[in-house]
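Participant: Dropping a structure here in structure tokens format, bear with me for questions.
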Amino acid sequence: MSLNQNINTMDISYAEFIGSWERNDQIPQTQVPEFAFIGRSNVGKSSLINMLCNRKKLAKTSSTPGKTQLINLFKIEKRFHFCDLPGYGYAKVSKTKRDVFNRMINHYLRERQNLFTLFILLDMRVEMQELDVNFINWCGTNEVPFTIVGTKCDALKPKQIETRLLQYEEKLSENWAELPTIIPSSSKTKMGKDILTDFIFNGVKSLGI
């Protein structure tokens with residue numbers, strides 16, 4: 001299902017890079033709510049973060065899969081954090097490095113106490129991959145709170161986006177009685193920006209922050 005837009009749209013005006021770490025236990029421990037971004041390599045995580053923060057180079061982007069190899073943390077509005085996680089799946093890195101990524105991601109998602117929501121990014125130009133399905137199901141099994149974000153929708157016509165959403169929902173319905181939220185987006189056209197920022201700010205507000 002898609003998420004309806006809230007009329008009280010807010011915007012991010014302050015964003016600062018905090019640092020990069022190889023392990024979750026190295027990241028500063030805070031009570032600040034955290035919104036993490038993950039997806040298959042080259043799905044557009046860094047571009048989405050830049051779009052949401054109204055910045056071009058806050059998060060480093062690259063056309064080379066596997067560019068993000070550390071946990072990158074950003075302070076947003078001095079109220080919450082964004083976390084850019086390494087991509088899962090195919091990347092031009094060694095098996096040893098991929099195993100390191102998997103342990104890093106697993107530990108972060110299972111142990112990070114202030115994780116509010118994980119945004120799982122899917123490239124809407126293609127059908128949902130088994131790797132995505134397996135990861136989404138893993139999040140459900142491990143009670144990781146998540147929302148799905150479809151990326152690169154600028155490459156699709158409205159009818160194609162609608163068709164892809166139906167395909168995603170049909171695939172997810174094989175394992176989910178209640179379908180996860182899916183938000184179509186584009187970093188180029190800013191599609192989905194208001195919906196995502198409202199979702200984030202409303203979430204932070206619900207914590208009284």
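Order determines the names: the first chain of the structure tokens is A, the second B, and so forth; residues in each chain are numbered 1 upward, and ligands are numbered 1 upward as they are shown.
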Tell me which protein, DNA and RNA residues are within 7 Å of segment 142-146 of chain A, counting only C-alpha atoms, leaving out same-chain ones fewer than 2 positions away, and put them as a PyMOL selection string.

Facilitator: chain A and resi 109+116-120+138-140+148

Participant: So that I have them on file, write out the residues from the current selection with C-alpha atoms, as a PDB file, in the first residue's frame.

Facilitator:
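Contents of out00.pdb, freshly written:
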ATOM      1  CA  LEU A 109      19.741  -3.584  12.665  1.00  0.00           C
ATOM      2  CA  PHE A 116      13.181   4.356  14.497  1.00  0.00           C
ATOM      3  CA  THR A 117      12.661   3.187  10.918  1.00  0.00           C
ATOM      4  CA  LEU A 118      14.663   1.420   8.229  1.00  0.00           C
ATOM      5  CA  PHE A 119      13.937   2.619   4.697  1.00  0.00           C
ATOM      6  CA  ILE A 120      14.397  -0.346   2.331  1.00  0.00           C
ATOM      7  CA  TRP A 138      14.311 -11.137   7.548  1.00  0.00           C
ATOM      8  CA  CYS A 139      13.378  -7.676   8.844  1.00  0.00           C
ATOM      9  CA  GLY A 140       9.894  -8.927   9.641  1.00  0.00           C
ATOM     10  CA  ILE A 148       9.785   0.403   1.511  1.00  0.00           C
TER      11      ILE A 148
END

Participant: Name all residues at most 9 Å from segment 70-86 of chain A (count only C-alpha atoms; drop same-chain ones fewer than 3 positions away) and give them as a ChimeraX atom specification.

Facilitator: /A:12-24,27,32-41,45-46,49,53,58-59,66-67,101-102,104-105,108,204,209

Participant: Would you put the residues from that selection into a file with N, CA and C atoms, as an mmCIF file, in the first residue's frame?

Facilitator:
data_model
loop_
_atom_site.group_PDB
_atom_site.id
_atom_site.type_symbol
_atom_site.label_atom_id
_atom_site.label_comp_id
_atom_site.auth_asym_id
_atom_site.auth_seq_id
_atom_site.Cartn_x
_atom_site.Cartn_y
_atom_site.Cartn_z
ATOM 1 N N ILE A 12 13.610 19.832 5.499
ATOM 2 C CA ILE A 12 14.875 19.743 6.227
ATOM 3 C C ILE A 12 15.770 20.908 5.821
ATOM 4 N N SER A 13 16.208 21.672 6.799
ATOM 5 C CA SER A 13 17.055 22.842 6.512
ATOM 6 C C SER A 13 18.464 22.695 7.077
ATOM 7 N N TYR A 14 18.659 21.730 8.003
ATOM 8 C CA TYR A 14 19.981 21.544 8.602
ATOM 9 C C TYR A 14 20.391 20.085 8.499
ATOM 10 N N ALA A 15 21.568 19.840 7.924
ATOM 11 C CA ALA A 15 22.096 18.483 7.813
ATOM 12 C C ALA A 15 23.619 18.541 7.893
ATOM 13 N N GLU A 16 24.169 17.663 8.717
ATOM 14 C CA GLU A 16 25.621 17.670 8.939
ATOM 15 C C GLU A 16 26.152 16.237 8.987
ATOM 16 N N PHE A 17 27.236 15.974 8.253
ATOM 17 C CA PHE A 17 27.888 14.671 8.300
ATOM 18 C C PHE A 17 28.603 14.513 9.637
ATOM 19 N N ILE A 18 28.338 13.412 10.346
ATOM 20 C CA ILE A 18 28.960 13.168 11.646
ATOM 21 C C ILE A 18 30.220 12.333 11.515
ATOM 22 N N GLY A 19 30.135 11.207 10.765
ATOM 23 C CA GLY A 19 31.307 10.352 10.619
ATOM 24 C C GLY A 19 30.954 9.007 10.020
ATOM 25 N N SER A 20 31.991 8.174 9.817
ATOM 26 C CA SER A 20 31.832 6.841 9.250
ATOM 27 C C SER A 20 32.483 5.815 10.168
ATOM 28 N N TRP A 21 31.846 4.636 10.245
ATOM 29 C CA TRP A 21 32.363 3.584 11.119
ATOM 30 C C TRP A 21 32.210 2.221 10.469
ATOM 31 N N GLU A 22 33.071 1.286 10.866
ATOM 32 C CA GLU A 22 33.014 -0.073 10.349
ATOM 33 C C GLU A 22 32.076 -0.962 11.148
ATOM 34 N N ARG A 23 31.865 -0.612 12.417
ATOM 35 C CA ARG A 23 31.045 -1.466 13.277
ATOM 36 C C ARG A 23 30.052 -0.617 14.062
ATOM 37 N N ASN A 24 28.908 -1.247 14.358
ATOM 38 C CA ASN A 24 27.865 -0.552 15.107
ATOM 39 C C ASN A 24 28.352 -0.114 16.478
ATOM 40 N N ILE A 27 29.871 3.400 16.717
ATOM 41 C CA ILE A 27 29.050 4.591 16.504
ATOM 42 C C ILE A 27 28.695 5.206 17.856
ATOM 43 N N VAL A 32 18.983 9.810 20.260
ATOM 44 C CA VAL A 32 18.371 10.484 19.113
ATOM 45 C C VAL A 32 17.774 9.456 18.156
ATOM 46 N N PRO A 33 16.520 9.626 17.732
ATOM 47 C CA PRO A 33 15.923 8.672 16.796
ATOM 48 C C PRO A 33 16.687 8.641 15.476
ATOM 49 N N GLU A 34 16.811 7.437 14.926
ATOM 50 C CA GLU A 34 17.615 7.249 13.727
ATOM 51 C C GLU A 34 16.773 6.651 12.601
ATOM 52 N N PHE A 35 16.962 7.179 11.405
ATOM 53 C CA PHE A 35 16.313 6.668 10.206
ATOM 54 C C PHE A 35 17.408 6.150 9.283
ATOM 55 N N ALA A 36 17.406 4.852 9.021
ATOM 56 C CA ALA A 36 18.474 4.239 8.224
ATOM 57 C C ALA A 36 17.986 3.933 6.809
ATOM 58 N N PHE A 37 18.934 3.904 5.875
ATOM 59 C CA PHE A 37 18.626 3.664 4.468
ATOM 60 C C PHE A 37 19.457 2.477 3.977
ATOM 61 N N ILE A 38 18.790 1.534 3.312
ATOM 62 C CA ILE A 38 19.482 0.348 2.812
ATOM 63 C C ILE A 38 18.815 -0.140 1.531
ATOM 64 N N GLY A 39 19.530 -0.926 0.753
ATOM 65 C CA GLY A 39 18.990 -1.486 -0.478
ATOM 66 C C GLY A 39 20.103 -2.167 -1.244
ATOM 67 N N ARG A 40 19.758 -2.776 -2.361
ATOM 68 C CA ARG A 40 20.796 -3.393 -3.183
ATOM 69 C C ARG A 40 21.758 -2.324 -3.686
ATOM 70 N N SER A 41 22.965 -2.751 -4.017
ATOM 71 C CA SER A 41 23.990 -1.818 -4.470
ATOM 72 C C SER A 41 23.496 -0.983 -5.645
ATOM 73 N N LYS A 45 20.622 5.115 -2.585
ATOM 74 C CA LYS A 45 20.489 5.515 -1.185
ATOM 75 C C LYS A 45 21.030 6.916 -0.928
ATOM 76 N N SER A 46 22.270 7.141 -1.361
ATOM 77 C CA SER A 46 22.899 8.440 -1.108
ATOM 78 C C SER A 46 22.164 9.566 -1.820
ATOM 79 N N ILE A 49 19.068 10.464 0.192
ATOM 80 C CA ILE A 49 19.412 11.252 1.378
ATOM 81 C C ILE A 49 19.701 12.695 0.989
ATOM 82 N N CYS A 53 17.534 16.073 2.130
ATOM 83 C CA CYS A 53 18.220 17.117 2.900
ATOM 84 C C CYS A 53 18.455 18.393 2.102
ATOM 85 N N LEU A 58 25.914 15.949 0.300
ATOM 86 C CA LEU A 58 25.991 15.564 1.709
ATOM 87 C C LEU A 58 26.428 14.110 1.831
ATOM 88 N N ALA A 59 25.718 13.224 1.126
ATOM 89 C CA ALA A 59 26.100 11.812 1.058
ATOM 90 C C ALA A 59 26.779 11.585 -0.286
ATOM 91 N N GLY A 66 28.573 -0.664 -4.683
ATOM 92 C CA GLY A 66 29.431 -0.961 -3.545
ATOM 93 C C GLY A 66 30.229 0.217 -3.049
ATOM 94 N N LYS A 67 29.881 1.430 -3.469
ATOM 95 C CA LYS A 67 30.633 2.620 -3.066
ATOM 96 C C LYS A 67 30.548 2.842 -1.556
ATOM 97 N N PHE A 101 30.227 -6.695 5.278
ATOM 98 C CA PHE A 101 29.040 -5.857 5.133
ATOM 99 C C PHE A 101 27.841 -6.509 5.812
ATOM 100 N N ASN A 102 27.656 -7.815 5.561
ATOM 101 C CA ASN A 102 26.502 -8.526 6.114
ATOM 102 C C ASN A 102 26.517 -8.512 7.640
ATOM 103 N N MET A 104 28.074 -6.320 9.502
ATOM 104 C CA MET A 104 27.897 -4.929 9.900
ATOM 105 C C MET A 104 26.410 -4.550 9.905
ATOM 106 N N ILE A 105 25.709 -4.890 8.830
ATOM 107 C CA ILE A 105 24.296 -4.556 8.695
ATOM 108 C C ILE A 105 23.460 -5.316 9.718
ATOM 109 N N TYR A 108 23.975 -3.860 13.198
ATOM 110 C CA TYR A 108 23.341 -2.547 13.337
ATOM 111 C C TYR A 108 21.832 -2.695 13.510
ATOM 112 N N VAL A 204 9.226 11.614 14.483
ATOM 113 C CA VAL A 204 9.998 12.285 15.533
ATOM 114 C C VAL A 204 9.064 12.990 16.513
ATOM 115 N N ILE A 209 9.889 14.811 20.504
ATOM 116 C CA ILE A 209 11.187 15.485 20.273
ATOM 117 C C ILE A 209 11.000 16.669 19.333
#

Participant: Among segment 40-187 of chain A, which ones does DSSP assign to strand (DSSP E or B) (computed from the backbone)? Answer as a ChimeraX atom specification.

Facilitator: /A:40,71-76,80-84,88,115-123,146-151,182-184,186

Participant: From the list A:Asp99, A:Asp11, A:Glu111, A:Glu169, which residue is nearest Glu127 of chain A when using only C-alpha atoms?

Facilitator: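 Residue with the minimum atom-to-atom distance to Glu127 of chain A: A:Glu169.
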
Participant: Run DSSP on the backbone and tell me which residues of segment 14-75 of chain A come out as helix (DSSP H, G or I); list them as a ChimeraX atom specification.

Facilitator: /A:24-26,45-52

Participant: Excluding same-chain residues fewer than 4 positions from segment 149-153 of chain A, what lies within 6 Å of it counting only C-alpha atoms, as a list in words?

Facilitator: Ile120, Leu121, Leu122, Asp123, Met124, Ile182, Ile183, Pro184, Ser185 and Ser186 of chain A

Participant: Could you write out the selected residues, including N, CA and C atoms, as a short mmCIF file (atom, residue, chain, number, x, y, z; two decimals), in the first residue's frame?

Facilitator:
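Generated output (result_2.cif):
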data_model
loop_
_atom_site.label_atom_id
_atom_site.label_comp_id
_atom_site.auth_asym_id
_atom_site.auth_seq_id
_atom_site.Cartn_x
_atom_site.Cartn_y
_atom_site.Cartn_z
N ILE A 120 13.87 0.65 3.26
CA ILE A 120 14.40 -0.35 2.33
C ILE A 120 14.12 0.14 0.92
N LEU A 121 15.17 0.45 0.17
CA LEU A 121 15.02 1.01 -1.16
C LEU A 121 15.01 -0.08 -2.23
N LEU A 122 14.05 0.03 -3.15
CA LEU A 122 13.93 -0.89 -4.28
C LEU A 122 13.93 -0.09 -5.57
N ASP A 123 14.69 -0.52 -6.56
CA ASP A 123 14.74 0.13 -7.87
C ASP A 123 13.47 -0.25 -8.62
N MET A 124 12.57 0.71 -8.81
CA MET A 124 11.28 0.41 -9.41
C MET A 124 11.33 0.21 -10.91
N ILE A 182 4.66 1.18 0.86
CA ILE A 182 5.58 1.41 -0.26
C ILE A 182 5.40 2.84 -0.74
N ILE A 183 6.50 3.61 -0.77
CA ILE A 183 6.46 5.01 -1.19
C ILE A 183 7.29 5.18 -2.47
N PRO A 184 6.66 5.45 -3.62
CA PRO A 184 7.41 5.71 -4.85
C PRO A 184 8.17 7.03 -4.75
N SER A 185 9.37 7.09 -5.33
CA SER A 185 10.17 8.31 -5.23
C SER A 185 11.10 8.47 -6.42
N SER A 186 11.64 9.67 -6.54
CA SER A 186 12.68 9.96 -7.53
C SER A 186 13.55 11.08 -6.99
#

Participant: Suppose you want the space between atom CA of Arg164 of chain A and atom CA of Gly203 of chain A; what is it in Å?

Facilitator: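 Going from atom CA of Arg164 of chain A over to atom CA of Gly203 of chain A, I get 27.2 Å.
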
Participant: With only C-alpha atoms as the atoms that count, which of A:Thr181, A:Thr30, A:Thr189, A:Asn175 lies nearest to Thr141 of chain A?

Facilitator: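 Of all the options, A:Asn175 lies closest to Thr141 of chain A.
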
Participant: Taking into account only C-alpha atoms, which residue in the set A:Leu156, A:Ile200, A:Val126, A:Val133 is nearest to Glu174 of chain A?

Facilitator: A:Val133

Participant: Give the answer as one residue: which of A:Asn137, A:Lys159, A:Ser47, A:Arg112 has the shortest atom-to-atom distance to Leu179 of chain A, using only C-alpha atoms?

Facilitator: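 Nearest candidate to Leu179 of chain A out of A:Asn137, A:Lys159, A:Ser47, A:Arg112: A:Asn137.
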